[in-house]
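In what follows, a single structure is set out as structure tokens and then discussed.
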Amino acid sequence: MPEGNTILRLARAHNRDLAGRRVAVSAAQKRFAKEAERLDGRVFERAEARGKHLFHHWRGGPIVHVHLGRFGDFYRRDPPPPPPRPSVRMRLATRDATWDLIGPPTCEFVTKEECAAILARLGPDPLSARPDAERVFERLRRTDAPIAHALLDQRILSGVGNIFRAEALFVDGIHPLRPASSLTPGELGRLWATVRRMMRRSVAQRRTFTIEPADRPPGRRQSGARSFYVYQEEQCLRCGGRIRSFPLSGRTMYACETCQPRPSGRTAARLKRSAGSR
DNA sequence: CGATTATGATTAA
DNA sequence: TAATCCTAATCGC
């Protein structure tokens with residue numbers, strides 16, 4: 001259940017547990033058995049996260065490319081680890097920690113060149129140190145598709161998934177169906193900042209959680225607290241109105257159409273004029 | 001027990 | 001657009 005924040009968090013955890021260490025590698029499924037055998041006992045050099053892609057670099061050359069899709073996940077087991085479930089694609093074990101990879105559509109060896117090719121087709125990652133925001137804006141300016149669709153396009157920017165697209169657009173009060181090209185420079189700048197802020201915060205947190213401090217109810221924080229503004233919610237946290245959900249780019253989109261007005265023809269024209277006159 | 005749903009993405013037609 | 005890959009939890013019968 002991963003967007004870029006989860007992948008980055010996993011990469012960091014793998015580096016903490018595995019980097020520089022000799023690792024026992026195994027697989028409960030046949031389809032990774034050969035690869036596991038080849039890796040078994042090698043030294044894990046480092047994990048690298050880009051967008052929703054994860055790479056494991058091993059001493060001696062092999063690179064493992066993992067993409068978790070919608071269902072894939074890594075589970076950390078304390079010693080002694082339980083016997084692997086039949087669905088374990090790849091198990092990475094040291095004396096101190098065991099990582100089980102379950103359900104990824106992609107877990108494969110790649111060459112350095114293939115690795116570079118994967119990275120080359122990804123847009124800037126809002127979680128990287130100095131992402132090229134201008135490149136993202138430039139792409140969005142010439143995209144007629146709805147902004148909520150464009151945010152999922154990994155060639156434009158990488159790492160945003162269905163939760164962050166809905167949550168960021170809500171926070172900035174932008175209707176998901178507005179063409180990406182209709183956003184003003186100010187809106188683009190704020191949206192990018194919101195995405196970075198939300199995702200960055202969600203790397204540090206144990207679970208994905210987008211509600212900003214200013215919107216959190218006062219008092220103690222409790223584990224059962226609401227996590228999202230609109231994603232899979234019924235009622236808007238800010239105005240109390242009903243959250244609408246509808247399919248968009250093959251996924252379920254959520255929005256509060258009071259807090260995220262769809263500009264009328266007139267408003268849209270005014271926005272466009274002010275965008276052009278800057 | 002089957003249907004449904006879930007933070008994704010590629011390939012074929 | 002449709003079919004495909006991948007797993008687990010939940011709900012209704």
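By convention in this document, the chains of the structure tokens carry letters A, B, ... by their order, each chain's residues are numbered from 1, and ligands are numbered from 1 in the order they are shown.
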Practice task
Excluding region 240-246 of chain A and any residue of its chain fewer than 3 positions from it, enumerate the residues within 10 Å of it, using only C-alpha atoms (C1' of nucleotides), and give them as a list in words.
Solution key: Tyr229, Val230, Tyr231, Gln232, Glu233, Glu234, Gln235, Cys236, Leu237, Gly250, Arg251, Thr252, Met253, Tyr254, Ala255, Cys256, Glu257, Thr258 and Cys259 of chain A
Write a file of the selected residues as a compact mmCIF listing (two decimals), in the first residue's frame, keeping all heavy atoms.
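As a result, out-v5.txt now contains:
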# COMPACT_ATOMS: atom_id res chain seq x y z
N TYR A 229 -8.32 14.13 5.09
CA TYR A 229 -9.34 15.15 4.88
C TYR A 229 -10.51 14.58 4.07
O TYR A 229 -11.68 14.75 4.44
CB TYR A 229 -8.77 16.33 4.10
CG TYR A 229 -7.78 17.17 4.86
CD1 TYR A 229 -6.42 17.02 4.67
CD2 TYR A 229 -8.23 18.13 5.77
CE1 TYR A 229 -5.51 17.82 5.34
CE2 TYR A 229 -7.33 18.93 6.45
CZ TYR A 229 -5.96 18.76 6.24
OH TYR A 229 -5.07 19.55 6.91
N VAL A 230 -10.20 13.96 2.96
CA VAL A 230 -11.26 13.51 2.06
C VAL A 230 -11.15 12.05 1.63
O VAL A 230 -12.17 11.43 1.31
CB VAL A 230 -11.32 14.38 0.78
CG1 VAL A 230 -11.74 15.81 1.11
CG2 VAL A 230 -10.00 14.37 0.04
N TYR A 231 -9.95 11.51 1.62
CA TYR A 231 -9.74 10.15 1.12
C TYR A 231 -10.55 9.15 1.95
O TYR A 231 -10.36 9.03 3.16
CB TYR A 231 -8.26 9.78 1.14
CG TYR A 231 -8.01 8.36 0.68
CD1 TYR A 231 -8.09 8.03 -0.66
CD2 TYR A 231 -7.75 7.36 1.60
CE1 TYR A 231 -7.89 6.72 -1.08
CE2 TYR A 231 -7.54 6.06 1.19
CZ TYR A 231 -7.62 5.75 -0.15
OH TYR A 231 -7.42 4.46 -0.56
N GLN A 232 -11.47 8.49 1.30
CA GLN A 232 -12.36 7.51 1.93
C GLN A 232 -13.14 8.09 3.10
O GLN A 232 -13.51 7.37 4.01
CB GLN A 232 -11.57 6.28 2.38
CG GLN A 232 -11.16 5.42 1.21
CD GLN A 232 -10.51 4.12 1.64
OE1 GLN A 232 -9.96 4.03 2.74
NE2 GLN A 232 -10.57 3.13 0.78
N GLU A 233 -13.39 9.39 3.06
CA GLU A 233 -14.18 10.02 4.11
C GLU A 233 -15.56 10.37 3.57
O GLU A 233 -15.78 10.43 2.36
CB GLU A 233 -13.47 11.30 4.60
CG GLU A 233 -12.16 11.02 5.34
CD GLU A 233 -12.37 10.33 6.68
OE1 GLU A 233 -13.53 10.27 7.15
OE2 GLU A 233 -11.37 9.84 7.26
N GLU A 234 -16.49 10.60 4.50
CA GLU A 234 -17.86 10.94 4.13
C GLU A 234 -18.13 12.42 4.33
O GLU A 234 -18.87 13.03 3.57
CB GLU A 234 -18.84 10.16 5.04
CG GLU A 234 -18.68 8.66 4.99
CD GLU A 234 -19.60 8.04 3.98
OE1 GLU A 234 -20.81 8.36 4.03
OE2 GLU A 234 -19.12 7.26 3.13
N GLN A 235 -17.52 12.96 5.39
CA GLN A 235 -17.86 14.33 5.77
C GLN A 235 -16.62 15.20 5.79
O GLN A 235 -15.57 14.78 6.29
CB GLN A 235 -18.52 14.32 7.16
CG GLN A 235 -19.27 15.58 7.44
CD GLN A 235 -19.93 15.56 8.81
OE1 GLN A 235 -19.57 14.75 9.67
NE2 GLN A 235 -20.87 16.47 9.02
N CYS A 236 -16.77 16.41 5.28
CA CYS A 236 -15.63 17.33 5.20
C CYS A 236 -15.26 17.84 6.59
O CYS A 236 -16.11 18.30 7.35
CB CYS A 236 -15.97 18.51 4.29
SG CYS A 236 -14.64 19.72 4.18
N LEU A 237 -13.97 17.78 6.88
CA LEU A 237 -13.45 18.21 8.18
C LEU A 237 -13.60 19.71 8.37
O LEU A 237 -13.71 20.20 9.49
CB LEU A 237 -11.96 17.83 8.25
CG LEU A 237 -11.28 17.73 9.60
CD1 LEU A 237 -11.97 16.71 10.48
CD2 LEU A 237 -9.83 17.36 9.40
N GLY A 250 -9.25 5.69 -13.49
CA GLY A 250 -9.28 4.31 -13.04
C GLY A 250 -9.22 4.10 -11.54
O GLY A 250 -9.08 2.98 -11.07
N ARG A 251 -9.27 5.18 -10.78
CA ARG A 251 -9.21 5.06 -9.32
C ARG A 251 -10.36 5.86 -8.75
O ARG A 251 -11.05 6.56 -9.47
CB ARG A 251 -7.89 5.64 -8.79
CG ARG A 251 -6.72 5.44 -9.70
CD ARG A 251 -6.33 4.00 -9.77
NE ARG A 251 -5.92 3.53 -8.45
CZ ARG A 251 -4.75 3.79 -7.91
NH1 ARG A 251 -3.87 4.47 -8.57
NH2 ARG A 251 -4.46 3.34 -6.71
N THR A 252 -10.54 5.77 -7.43
CA THR A 252 -11.60 6.55 -6.81
C THR A 252 -11.03 7.87 -6.32
O THR A 252 -10.07 7.90 -5.56
CB THR A 252 -12.21 5.78 -5.63
OG1 THR A 252 -12.61 4.49 -6.09
CG2 THR A 252 -13.42 6.51 -5.09
N MET A 253 -11.63 8.94 -6.79
CA MET A 253 -11.24 10.29 -6.38
C MET A 253 -12.22 10.79 -5.32
O MET A 253 -13.40 10.43 -5.37
CB MET A 253 -11.25 11.21 -7.61
CG MET A 253 -10.87 12.64 -7.33
SD MET A 253 -9.13 12.81 -6.87
CE MET A 253 -9.23 14.27 -5.83
N TYR A 254 -11.72 11.57 -4.40
CA TYR A 254 -12.56 12.13 -3.34
C TYR A 254 -12.36 13.64 -3.31
O TYR A 254 -11.23 14.12 -3.44
CB TYR A 254 -12.17 11.55 -1.98
CG TYR A 254 -12.29 10.04 -1.91
CD1 TYR A 254 -11.25 9.24 -2.37
CD2 TYR A 254 -13.44 9.44 -1.42
CE1 TYR A 254 -11.35 7.85 -2.32
CE2 TYR A 254 -13.55 8.06 -1.36
CZ TYR A 254 -12.50 7.26 -1.81
OH TYR A 254 -12.60 5.90 -1.76
N ALA A 255 -13.45 14.38 -3.13
CA ALA A 255 -13.32 15.83 -3.06
C ALA A 255 -14.53 16.44 -2.34
O ALA A 255 -15.62 15.86 -2.34
CB ALA A 255 -13.21 16.42 -4.46
N CYS A 256 -14.29 17.59 -1.74
CA CYS A 256 -15.38 18.39 -1.18
C CYS A 256 -15.64 19.51 -2.16
O CYS A 256 -14.80 20.41 -2.32
CB CYS A 256 -14.98 18.96 0.18
SG CYS A 256 -16.18 20.20 0.75
N GLU A 257 -16.79 19.48 -2.81
CA GLU A 257 -17.01 20.45 -3.88
C GLU A 257 -17.39 21.83 -3.35
O GLU A 257 -17.52 22.76 -4.12
CB GLU A 257 -18.03 19.90 -4.88
CG GLU A 257 -17.43 18.68 -5.57
CD GLU A 257 -18.20 18.21 -6.78
OE1 GLU A 257 -19.37 17.79 -6.62
OE2 GLU A 257 -17.63 18.26 -7.88
N THR A 258 -17.53 21.93 -2.03
CA THR A 258 -17.69 23.27 -1.44
C THR A 258 -16.31 23.91 -1.25
O THR A 258 -16.08 25.05 -1.64
CB THR A 258 -18.41 23.18 -0.08
OG1 THR A 258 -19.64 22.49 -0.27
CG2 THR A 258 -18.65 24.55 0.50
N CYS A 259 -15.39 23.14 -0.66
CA CYS A 259 -14.05 23.66 -0.41
C CYS A 259 -13.17 23.64 -1.65
O CYS A 259 -12.12 24.28 -1.67
CB CYS A 259 -13.38 22.86 0.72
SG CYS A 259 -14.28 22.95 2.28
Exercise for the section: Tell me which protein, DNA and RNA residues are within 9 Å of Val43 (chain A), counting only C-alpha atoms (C1' of nucleotides), leaving out same-chain ones fewer than 3 positions away, and put them as a list in words. Expected result: Leu18, Ala19, Gly20, Arg21, Arg22, Val23, Leu39, Asp40, Trp58, Arg59 and Gly60 of chain A
Tell me the residues of chain B close to chain A, meaning within 10 Å using only C-alpha atoms (C1' of nucleotides), as a PDB file with C-alpha atoms (C1' of nucleotides), in the first residue's frame.
ATOM      1  C1'  DA B   6      -7.486  -1.633  -1.757  1.00  0.00           C
ATOM      2  C1'  DT B   7      -2.059   3.986  -1.420  1.00  0.00           C
ATOM      3  C1'  DG B   8      -0.034   0.813  -9.071  1.00  0.00           C
ATOM      4  C1'  DA B   9       1.437   0.258 -13.713  1.00  0.00           C
TER       5       DA B   9
END
Closest contacts (chain B/chain C, max 9 Å, only C-alpha atoms (C1' of nucleotides)) as a tab-separated table:
residue	atom	partner	partner_atom	distance
B:DC1	C1'	C:DC13	C1'	8.8
B:DA3	C1'	C:DG12	C1'	8.7
B:DT4	C1'	C:DC11	C1'	8.1
B:DT5	C1'	C:DT10	C1'	8.5
B:DT10	C1'	C:DT4	C1'	8.5
B:DT11	C1'	C:DT4	C1'	7.9
B:DA12	C1'	C:DA3	C1'	8.0
B:DA13	C1'	C:DA2	C1'	8.3
Exercise for the section: Mind the document's chain letters and residue numbers, and return as an NGL selection string the residues of region 30-233 of chain A that DSSP labels helix (DSSP H, G or I). Expected result: :A and (30-39 or 112-120 or 133-141 or 147-150 or 162-171 or 180-182 or 185-204 or 213-215)
Handout entry: Surrounding residues of His14 (chain A) excluding itself and chain neighbours under 5 positions, 12 Å, only C-alpha atoms (C1' of nucleotides), as an NGL selection string
Key = :A and (7-9 or 19-21 or 23 or 44-49 or 54-57 or 74-76 or 92-94 or 97-101)
Practice task
Provide the CA of Pro62 (chain A) to CA of Ala24 (chain A) distance in Å, to one decimal place.
Solution key: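 Atom-to-atom, CA of Pro62 (chain A) and CA of Ala24 (chain A) are spaced 14.9 Å apart.
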Practice task
Please indicate the distance in Å from CA of Phe228 (chain A) to CA of Ile174 (chain A), rounded to one decimal place.
Solution key: 16.3 Å
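If only C-alpha atoms are the atoms counted, then among A:Thr111, A:Asp73, A:Gln260, A:Leu10 the closest residue to Arg206 (chain A) is A:Leu10.
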Practice task
Name the closest residue to chain C among the candidates A:Asn5, A:Thr210, A:Thr106, A:Thr143; distances are taken between atoms, counting only C-alpha atoms (C1' of nucleotides).
Solution key: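 The shortest atom-to-atom distance to chain C comes from A:Thr106.
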Practice task
Give me, please, the distance in Å between CA of Leu177 (chain A) and CA of Pro146 (chain A), quoted to one decimal.
Solution key: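 Going from CA of Leu177 (chain A) over to CA of Pro146 (chain A), I get 4.7 Å.
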Problem - All strand (DSSP E) positions in region 55-202 of chain A, as number ranges by chain - result: A: 55-58, 63-67, 73-77, 88-93, 98-102, 106-110
